[in-house]
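Pasting input_6.cif here (mmCIF, C-alpha atoms):
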```
data_start
#
loop_
_atom_site.label_atom_id
_atom_site.label_comp_id
_atom_site.auth_asym_id
_atom_site.auth_seq_id
_atom_site.Cartn_x
_atom_site.Cartn_y
_atom_site.Cartn_z
CA MET A 137 0.00 0.00 0.00
CA THR A 138 1.49 3.31 -1.07
CA ALA A 139 0.91 6.62 0.62
CA THR A 140 -0.85 7.84 -2.52
CA ALA A 141 -3.58 5.24 -2.07
CA LEU A 142 -4.40 6.90 1.23
CA GLU A 143 -5.11 10.23 -0.46
CA ARG A 144 -8.27 11.91 0.68
CA GLY A 145 -11.53 10.29 -0.32
CA PHE A 146 -14.95 11.67 0.56
CA ASP A 147 -15.00 13.99 3.58
CA ASN A 148 -18.33 12.41 4.58
CA PRO A 149 -18.43 9.03 2.82
CA VAL A 150 -22.06 8.19 3.61
CA LEU A 151 -23.67 11.49 2.66
CA GLN A 152 -21.43 12.22 -0.31
CA SER A 153 -21.71 8.74 -1.81
CA GLN A 154 -25.51 8.90 -1.43
CA LEU A 155 -25.55 12.24 -3.26
CA VAL A 156 -23.34 11.00 -6.10
CA PHE A 157 -25.37 7.77 -6.36
CA ARG A 158 -28.62 9.70 -6.76
CA ARG A 159 -27.03 11.84 -9.45
CA ALA A 160 -25.62 8.80 -11.23
CA LEU A 161 -29.12 7.30 -11.32
CA GLN A 162 -30.41 10.61 -12.67
CA ALA A 163 -27.75 10.63 -15.38
CA LEU A 164 -28.67 7.13 -16.55
CA SER A 165 -32.43 7.75 -16.34
CA GLN A 166 -32.18 11.07 -18.22
CA PRO A 167 -29.54 10.46 -20.91
CA GLY A 168 -27.71 13.53 -22.18
CA ILE A 169 -28.42 15.64 -19.09
CA VAL A 170 -25.23 17.24 -17.73
CA ILE A 171 -24.98 16.49 -14.02
CA GLY A 172 -22.77 18.75 -11.93
CA ILE A 173 -20.96 17.70 -8.77
CA ALA A 174 -18.13 19.27 -6.80
CA PRO A 175 -16.16 16.40 -5.27
CA THR A 176 -13.55 17.35 -2.68
CA LEU A 177 -11.58 14.13 -2.90
CA ILE A 178 -7.99 14.00 -4.17
CA PRO A 179 -7.37 10.95 -6.38
CA PRO A 180 -3.95 9.99 -7.74
CA PRO A 181 -3.42 11.12 -11.33
CA PRO A 182 -4.37 10.46 -14.04
CA LEU A 183 -7.65 9.54 -12.32
CA GLU A 184 -9.73 12.72 -12.14
CA ARG A 185 -12.07 13.87 -9.38
CA THR A 186 -15.45 13.18 -10.96
CA ALA A 187 -14.48 9.73 -12.22
CA ALA A 188 -13.01 9.00 -8.79
CA ALA A 189 -16.21 10.14 -7.06
CA LEU A 190 -18.25 7.81 -9.26
CA GLY A 191 -15.83 5.00 -8.47
CA LEU A 192 -16.00 5.52 -4.71
CA THR A 193 -19.79 5.56 -4.98
CA LEU A 194 -20.41 2.60 -7.26
CA LEU A 195 -17.70 0.17 -6.21
CA ASP A 196 -17.92 -2.08 -3.16
CA PHE A 197 -16.40 -5.30 -1.88
CA GLU A 198 -18.77 -7.43 -3.96
CA VAL A 199 -17.69 -6.16 -7.40
CA ARG A 200 -14.60 -6.24 -9.57
CA PHE A 201 -13.26 -3.27 -11.47
CA HIS A 202 -10.85 -2.71 -14.33
CA VAL A 203 -8.64 0.27 -15.15
CA SER A 204 -7.30 1.00 -18.63
CA SER A 205 -3.63 0.92 -19.51
CA THR A 206 -3.48 4.71 -19.32
CA LEU A 207 -5.02 4.95 -15.86
CA GLY A 208 -3.27 1.81 -14.68
CA ALA A 209 0.15 3.20 -15.62
CA ASN A 210 0.05 4.69 -12.12
CA PRO A 211 -0.50 1.72 -9.75
CA ALA A 212 -1.78 4.16 -7.13
CA VAL A 213 -5.03 4.57 -9.11
CA ALA A 214 -6.14 0.98 -8.53
CA GLU A 215 -4.81 1.07 -4.96
CA PHE A 216 -6.87 4.20 -4.27
CA LEU A 217 -10.06 2.55 -5.53
CA LYS A 218 -9.39 -0.66 -3.65
CA PHE A 219 -8.52 1.10 -0.40
CA HIS A 220 -11.61 3.30 -0.34
CA THR A 221 -14.15 0.74 -1.58
CA GLY A 222 -12.89 -2.77 -0.85
CA ALA A 223 -13.52 -3.74 -4.49
CA GLN A 224 -11.27 -6.23 -6.26
CA GLN A 225 -9.28 -5.33 -9.35
CA THR A 226 -9.26 -7.54 -12.43
CA THR A 227 -6.85 -7.24 -15.33
CA THR A 228 -9.55 -8.32 -17.79
CA ALA A 229 -12.15 -5.75 -18.85
CA ALA A 230 -14.66 -8.48 -19.73
CA ALA A 231 -14.62 -9.69 -16.10
CA ALA A 232 -15.33 -6.31 -14.52
CA ALA A 233 -18.63 -4.82 -13.41
CA PHE A 234 -17.09 -1.34 -13.65
CA SER A 235 -14.33 -0.19 -15.96
CA PHE A 236 -12.41 3.09 -16.02
CA MET A 237 -10.78 4.57 -19.11
CA ASP A 238 -9.71 7.90 -20.61
CA VAL A 239 -10.91 8.42 -24.18
CA ARG A 240 -8.16 10.99 -24.76
CA ALA A 241 -5.47 8.31 -24.51
CA ASP A 242 -7.12 4.87 -24.60
CA ASP A 243 -8.60 3.05 -27.55
CA MET A 244 -12.32 2.52 -27.00
CA SER A 245 -13.79 -0.85 -27.94
CA LEU A 246 -17.17 -1.35 -26.30
CA ALA A 247 -17.18 -5.03 -27.25
CA ASP A 248 -14.25 -5.63 -24.89
CA PHE A 249 -16.32 -4.90 -21.78
CA ALA A 250 -18.67 -7.27 -19.96
CA GLN A 251 -21.87 -7.59 -22.02
CA GLY A 252 -24.03 -9.58 -19.60
CA THR A 253 -26.01 -12.66 -20.57
CA LEU A 254 -29.65 -13.23 -21.51
CA GLU A 255 -30.16 -14.83 -18.09
CA TYR A 256 -28.28 -12.04 -16.28
CA PRO A 257 -28.19 -8.85 -18.37
CA ASP A 258 -27.34 -6.91 -15.20
CA ARG A 259 -23.89 -8.51 -15.29
CA SER A 260 -22.84 -6.13 -18.03
CA ALA A 261 -20.34 -3.35 -17.38
CA THR A 262 -20.75 0.29 -16.56
CA VAL A 263 -17.84 2.12 -18.19
CA ILE A 264 -16.65 5.36 -16.60
CA VAL A 265 -15.00 7.36 -19.36
CA GLN A 266 -12.85 10.38 -18.68
CA CYS A 267 -12.97 12.93 -21.50
CA ARG A 268 -11.99 16.53 -22.23
CA SER A 269 -15.54 17.87 -22.12
CA VAL A 270 -19.15 16.72 -21.83
CA THR A 271 -20.53 19.96 -23.31
CA ASP A 272 -18.53 21.04 -26.37
CA GLY A 273 -17.96 17.96 -28.53
CA PRO A 274 -19.67 17.29 -31.88
CA ALA A 275 -23.44 17.02 -31.44
CA LEU A 276 -25.08 13.61 -31.40
CA THR A 277 -28.88 13.52 -31.31
CA ILE A 278 -30.14 10.79 -29.00
CA ALA A 279 -33.54 9.27 -28.25
CA GLY A 280 -34.98 6.57 -26.05
CA PRO A 281 -36.30 5.98 -22.53
CA GLY A 282 -35.99 9.03 -20.27
CA ILE A 283 -35.79 11.46 -23.19
CA LYS A 284 -38.67 13.64 -24.41
CA LYS A 285 -38.45 13.23 -28.18
CA HIS A 286 -34.73 14.01 -28.58
CA ALA A 287 -31.71 15.23 -26.60
CA SER A 288 -28.17 16.24 -27.49
CA LEU A 289 -24.97 14.52 -26.48
CA ARG A 290 -21.75 16.55 -26.88
CA ILE A 291 -18.80 14.44 -25.71
CA ALA A 292 -15.41 15.69 -26.88
CA GLY A 293 -12.89 13.24 -28.31
CA LEU A 294 -15.01 10.19 -29.10
CA PRO A 295 -13.44 7.78 -31.61
CA ALA A 296 -14.48 8.14 -35.24
CA ASP A 297 -16.39 4.85 -35.15
CA PHE A 298 -18.26 5.54 -31.90
CA VAL A 299 -21.67 5.87 -33.59
CA THR A 300 -21.17 2.47 -35.23
CA GLN A 301 -19.97 0.92 -31.98
CA TRP A 302 -22.95 2.34 -30.12
CA ALA A 303 -25.41 1.06 -32.72
CA LEU A 304 -24.05 -2.46 -32.21
CA ASN A 305 -24.20 -2.01 -28.44
CA ARG A 306 -27.81 -0.80 -28.66
CA ALA A 307 -28.78 -3.65 -30.99
CA ALA A 308 -27.72 -6.18 -28.34
CA PHE A 309 -30.19 -4.78 -25.77
CA PRO A 310 -30.87 -5.93 -23.05
CA LEU A 311 -27.19 -6.85 -23.22
CA GLY A 312 -24.50 -4.23 -23.74
CA VAL A 313 -22.70 -1.62 -21.67
CA ASP A 314 -23.77 1.63 -20.03
CA ILE A 315 -21.44 4.65 -20.03
CA LEU A 316 -20.85 7.54 -17.66
CA PHE A 317 -18.76 10.25 -19.33
CA ALA A 318 -16.87 12.41 -16.81
CA SER A 319 -15.07 15.71 -17.26
CA GLY A 320 -14.23 18.49 -14.83
CA ASP A 321 -16.98 18.60 -12.21
CA ALA A 322 -19.69 17.11 -14.42
CA PHE A 323 -20.80 13.84 -15.98
CA VAL A 324 -23.34 12.54 -18.49
CA GLY A 325 -25.02 9.14 -18.72
CA LEU A 326 -25.54 7.04 -21.83
CA PRO A 327 -27.42 3.82 -21.01
CA ARG A 328 -27.59 0.92 -23.45
CA SER A 329 -31.28 1.65 -24.12
CA THR A 330 -30.43 4.98 -25.80
CA ARG A 331 -30.30 5.32 -29.58
CA ILE A 332 -28.11 7.75 -31.49
CA VAL A 333 -30.44 8.97 -34.22
CA GLU A 334 -28.26 11.60 -35.88
CA ALA A 335 -24.63 12.70 -35.86
CA GLY A 336 -24.23 16.43 -36.40
CA ALA A 337 -21.38 18.96 -36.44
#
```

Would you write out, as structure tokens, the structure that this file holds?
Amino acid sequence: MTATALERGFDNPVLQSQLVFRRALQALSQPGIVIGIAPTLIPPPPLERTAAALGLTLLDFEVRFHVSSTLGANPAVAEFLKFHTGAQQTTTAAAAAFSFMDVRADDMSLADFAQGTLEYPDRSATVIVQCRSVTDGPALTIAGPGIKKHASLRIAGLPADFVTQWALNRAAFPLGVDILFASGDAFVGLPRSTRIVEAGA
């Protein structure tokens, strides 16, 4: 255990994790809505505050998590998550209930994450994706449960084939992954039930 793993987590773990959990549920039930939080924790880099807050909220001793090669280049990232949540790390993305990556540096392949099974679709992964911005990327028009007609998704730095990847992910419903995009002090949810209906500029 390194000293970095002991960096400050939530000041009030119970109240702050409850708050972030409610907002994570809101993000996934209202896709495209930008959810603001102001976490006071200090995670080891390159893990950022909002992604760390989601991790400390969603992980527990019963689940396994995976960190990408970029985030895992600093071993303190996984140690921080393990220390504050009791969750177990796995080196295989397909075996993890929660995965952490940074789209600015990691290749994104949604098929690599846990997809669930027809008997247990809830065993699919939630992917927490760090990005440059959740408000000023190219516009994607989205539709589906939790959205009145249409909404806009503006994630900066998505791979060129993201729309194709997401269409395949959506087609596998109820299997497939859910995503929480995190940047600065905000995050946006994209559940597997959401369709991308138009890619704009």

Evaluate the PyMOL selection byres ((chain A and resi 266-273) around 12) here and jot the selected residues down as a ChimeraX atom specification. /A:168-172,181-188,190-191,203-204,206-207,235-242,244,263-265,274-276,288-295,315-326,335-337

Produce a file of the selected residues containing C-alpha atoms, as a PDB file, in the coordinates of the input.
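part.pdb written:
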```pdb
ATOM      1  CA  GLY A 168     -27.710  13.530 -22.180  1.00  0.00           C
ATOM      2  CA  ILE A 169     -28.420  15.640 -19.090  1.00  0.00           C
ATOM      3  CA  VAL A 170     -25.230  17.240 -17.730  1.00  0.00           C
ATOM      4  CA  ILE A 171     -24.980  16.490 -14.020  1.00  0.00           C
ATOM      5  CA  GLY A 172     -22.770  18.750 -11.930  1.00  0.00           C
ATOM      6  CA  PRO A 181      -3.420  11.120 -11.330  1.00  0.00           C
ATOM      7  CA  PRO A 182      -4.370  10.460 -14.040  1.00  0.00           C
ATOM      8  CA  LEU A 183      -7.650   9.540 -12.320  1.00  0.00           C
ATOM      9  CA  GLU A 184      -9.730  12.720 -12.140  1.00  0.00           C
ATOM     10  CA  ARG A 185     -12.070  13.870  -9.380  1.00  0.00           C
ATOM     11  CA  THR A 186     -15.450  13.180 -10.960  1.00  0.00           C
ATOM     12  CA  ALA A 187     -14.480   9.730 -12.220  1.00  0.00           C
ATOM     13  CA  ALA A 188     -13.010   9.000  -8.790  1.00  0.00           C
ATOM     14  CA  LEU A 190     -18.250   7.810  -9.260  1.00  0.00           C
ATOM     15  CA  GLY A 191     -15.830   5.000  -8.470  1.00  0.00           C
ATOM     16  CA  VAL A 203      -8.640   0.270 -15.150  1.00  0.00           C
ATOM     17  CA  SER A 204      -7.300   1.000 -18.630  1.00  0.00           C
ATOM     18  CA  THR A 206      -3.480   4.710 -19.320  1.00  0.00           C
ATOM     19  CA  LEU A 207      -5.020   4.950 -15.860  1.00  0.00           C
ATOM     20  CA  SER A 235     -14.330  -0.190 -15.960  1.00  0.00           C
ATOM     21  CA  PHE A 236     -12.410   3.090 -16.020  1.00  0.00           C
ATOM     22  CA  MET A 237     -10.780   4.570 -19.110  1.00  0.00           C
ATOM     23  CA  ASP A 238      -9.710   7.900 -20.610  1.00  0.00           C
ATOM     24  CA  VAL A 239     -10.910   8.420 -24.180  1.00  0.00           C
ATOM     25  CA  ARG A 240      -8.160  10.990 -24.760  1.00  0.00           C
ATOM     26  CA  ALA A 241      -5.470   8.310 -24.510  1.00  0.00           C
ATOM     27  CA  ASP A 242      -7.120   4.870 -24.600  1.00  0.00           C
ATOM     28  CA  MET A 244     -12.320   2.520 -27.000  1.00  0.00           C
ATOM     29  CA  VAL A 263     -17.840   2.120 -18.190  1.00  0.00           C
ATOM     30  CA  ILE A 264     -16.650   5.360 -16.600  1.00  0.00           C
ATOM     31  CA  VAL A 265     -15.000   7.360 -19.360  1.00  0.00           C
ATOM     32  CA  PRO A 274     -19.670  17.290 -31.880  1.00  0.00           C
ATOM     33  CA  ALA A 275     -23.440  17.020 -31.440  1.00  0.00           C
ATOM     34  CA  LEU A 276     -25.080  13.610 -31.400  1.00  0.00           C
ATOM     35  CA  SER A 288     -28.170  16.240 -27.490  1.00  0.00           C
ATOM     36  CA  LEU A 289     -24.970  14.520 -26.480  1.00  0.00           C
ATOM     37  CA  ARG A 290     -21.750  16.550 -26.880  1.00  0.00           C
ATOM     38  CA  ILE A 291     -18.800  14.440 -25.710  1.00  0.00           C
ATOM     39  CA  ALA A 292     -15.410  15.690 -26.880  1.00  0.00           C
ATOM     40  CA  GLY A 293     -12.890  13.240 -28.310  1.00  0.00           C
ATOM     41  CA  LEU A 294     -15.010  10.190 -29.100  1.00  0.00           C
ATOM     42  CA  PRO A 295     -13.440   7.780 -31.610  1.00  0.00           C
ATOM     43  CA  ILE A 315     -21.440   4.650 -20.030  1.00  0.00           C
ATOM     44  CA  LEU A 316     -20.850   7.540 -17.660  1.00  0.00           C
ATOM     45  CA  PHE A 317     -18.760  10.250 -19.330  1.00  0.00           C
ATOM     46  CA  ALA A 318     -16.870  12.410 -16.810  1.00  0.00           C
ATOM     47  CA  SER A 319     -15.070  15.710 -17.260  1.00  0.00           C
ATOM     48  CA  GLY A 320     -14.230  18.490 -14.830  1.00  0.00           C
ATOM     49  CA  ASP A 321     -16.980  18.600 -12.210  1.00  0.00           C
ATOM     50  CA  ALA A 322     -19.690  17.110 -14.420  1.00  0.00           C
ATOM     51  CA  PHE A 323     -20.800  13.840 -15.980  1.00  0.00           C
ATOM     52  CA  VAL A 324     -23.340  12.540 -18.490  1.00  0.00           C
ATOM     53  CA  GLY A 325     -25.020   9.140 -18.720  1.00  0.00           C
ATOM     54  CA  LEU A 326     -25.540   7.040 -21.830  1.00  0.00           C
ATOM     55  CA  ALA A 335     -24.630  12.700 -35.860  1.00  0.00           C
ATOM     56  CA  GLY A 336     -24.230  16.430 -36.400  1.00  0.00           C
ATOM     57  CA  ALA A 337     -21.380  18.960 -36.440  1.00  0.00           C
TER      58      ALA A 337
END
```

Would you kindly translate the PyMOL selection byres ((chain A and resi 258) around 12) into the concrete residues it picks from this file, as number ranges by chain? A: 233-234, 250-257, 259-262, 309-314, 328

Among A:Lys285, A:Asp196, A:Ile173, A:Phe249, Ala160 in chain A is approached most closely, using only C-alpha atoms, by A:Ile173

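Nearest to Phe216 in chain A of all the residues A:Val299, A:Ile278, A:Ala189, A:Ala307 is A:Ala189, based on all atoms listed in the file.
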
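Across the chains present, the PyMOL selection byres ((chain A and resi 166) around 8) applied to this file returns Gln162, Ala163, Leu164, Ser165, Pro167, Gly168, Ile169, Pro281, Gly282, Ile283 and Gly325 of chain A.
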
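The coordinates place CA of Leu155 in chain A at 24.7 Å from CA of Gln225 in chain A.
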
Computed interatomic separation between CA of Thr300 in chain A and CA of Thr226 in chain A (Å):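 If I compute the distance from CA of Thr300 in chain A to CA of Thr226 in chain A, I get 27.6 Å.
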
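Rounded to one decimal, CA of Ala230 in chain A and CA of Asp248 in chain A lie 5.9 Å from each other.
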
Which residues are near Thr176 in chain A? Cut-off 8 Å, all atoms listed in the file, ignore same chain within fewer than 6 positions. Put them as a list in words.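 Answer for this query is Gly145, Phe146, Asp147 and Arg185 of chain A.
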
Which of A:Thr193, A:Phe219, A:Ala229, A:Gln224 sits closest to Ser205 in chain A [using only C-alpha atoms]: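 Nearest to Ser205 in chain A: A:Ala229.
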
Could range 205-216 of chain A be completed with all heavy atoms and written as a CSV table (one decimal), in the frame of the given file, please?
```csv
chain,number,residue,atom,x,y,z
A,205,SER,N,-5.1,0.8,-19.6
A,205,SER,CA,-3.6,0.9,-19.5
A,205,SER,C,-3.2,2.3,-19.2
A,205,SER,O,-2.2,2.5,-18.4
A,205,SER,CB,-3.0,0.5,-20.9
A,205,SER,OG,-3.6,1.3,-21.9
A,206,THR,N,-3.9,3.3,-19.6
A,206,THR,CA,-3.5,4.7,-19.3
A,206,THR,C,-3.6,5.0,-17.8
A,206,THR,O,-2.7,5.5,-17.2
A,206,THR,CB,-4.3,5.7,-20.1
A,206,THR,OG1,-4.0,5.5,-21.5
A,206,THR,CG2,-4.0,7.1,-19.7
A,207,LEU,N,-4.8,4.7,-17.3
A,207,LEU,CA,-5.0,5.0,-15.9
A,207,LEU,C,-4.2,4.0,-15.0
A,207,LEU,O,-3.7,4.4,-13.9
A,207,LEU,CB,-6.5,4.8,-15.5
A,207,LEU,CG,-7.5,5.8,-16.3
A,207,LEU,CD1,-8.9,5.5,-15.8
A,207,LEU,CD2,-7.1,7.2,-16.0
A,208,GLY,N,-4.0,2.8,-15.5
A,208,GLY,CA,-3.3,1.8,-14.7
A,208,GLY,C,-1.8,2.0,-14.7
A,208,GLY,O,-1.0,1.3,-14.0
A,209,ALA,N,-1.3,2.9,-15.6
A,209,ALA,CA,0.2,3.2,-15.6
A,209,ALA,C,0.6,3.7,-14.3
A,209,ALA,O,1.8,3.6,-13.9
A,209,ALA,CB,0.5,4.2,-16.7
A,210,ASN,N,-0.3,4.3,-13.5
A,210,ASN,CA,0.0,4.7,-12.1
A,210,ASN,C,-0.6,3.7,-11.2
A,210,ASN,O,-1.8,3.7,-11.0
A,210,ASN,CB,-0.4,6.1,-11.8
A,210,ASN,CG,-0.1,6.5,-10.4
A,210,ASN,OD1,0.5,5.8,-9.6
A,210,ASN,ND2,-0.5,7.7,-10.0
A,211,PRO,N,0.1,2.8,-10.6
A,211,PRO,CA,-0.5,1.7,-9.8
A,211,PRO,C,-1.3,2.3,-8.6
A,211,PRO,O,-2.2,1.6,-8.1
A,211,PRO,CB,0.7,0.9,-9.2
A,211,PRO,CG,1.8,1.2,-10.2
A,211,PRO,CD,1.6,2.6,-10.7
A,212,ALA,N,-1.1,3.5,-8.2
A,212,ALA,CA,-1.8,4.2,-7.1
A,212,ALA,C,-3.3,4.3,-7.5
A,212,ALA,O,-4.1,4.4,-6.5
A,212,ALA,CB,-1.2,5.5,-6.8
A,213,VAL,N,-3.6,4.4,-8.7
A,213,VAL,CA,-5.0,4.6,-9.1
A,213,VAL,C,-5.8,3.4,-8.6
A,213,VAL,O,-6.9,3.5,-7.9
A,213,VAL,CB,-5.2,4.8,-10.6
A,213,VAL,CG1,-6.6,4.6,-11.0
A,213,VAL,CG2,-4.6,6.1,-11.1
A,214,ALA,N,-5.4,2.2,-9.0
A,214,ALA,CA,-6.1,1.0,-8.5
A,214,ALA,C,-6.1,0.8,-7.0
A,214,ALA,O,-7.1,0.4,-6.4
A,214,ALA,CB,-5.6,-0.3,-9.2
A,215,GLU,N,-4.9,1.2,-6.4
A,215,GLU,CA,-4.8,1.1,-5.0
A,215,GLU,C,-5.8,2.0,-4.3
A,215,GLU,O,-6.4,1.7,-3.2
A,215,GLU,CB,-3.4,1.4,-4.5
A,215,GLU,CG,-2.4,0.3,-5.0
A,215,GLU,CD,-1.0,0.6,-4.5
A,215,GLU,OE1,-0.8,1.6,-3.9
A,215,GLU,OE2,0.0,-0.1,-4.9
A,216,PHE,N,-5.9,3.2,-4.8
A,216,PHE,CA,-6.9,4.2,-4.3
A,216,PHE,C,-8.3,3.6,-4.3
A,216,PHE,O,-9.0,3.7,-3.3
A,216,PHE,CB,-6.8,5.5,-5.1
A,216,PHE,CG,-7.8,6.6,-4.7
A,216,PHE,CD1,-7.5,7.5,-3.7
A,216,PHE,CD2,-8.9,6.7,-5.4
A,216,PHE,CE1,-8.4,8.5,-3.4
A,216,PHE,CE2,-9.9,7.7,-5.1
A,216,PHE,CZ,-9.6,8.6,-4.1
```
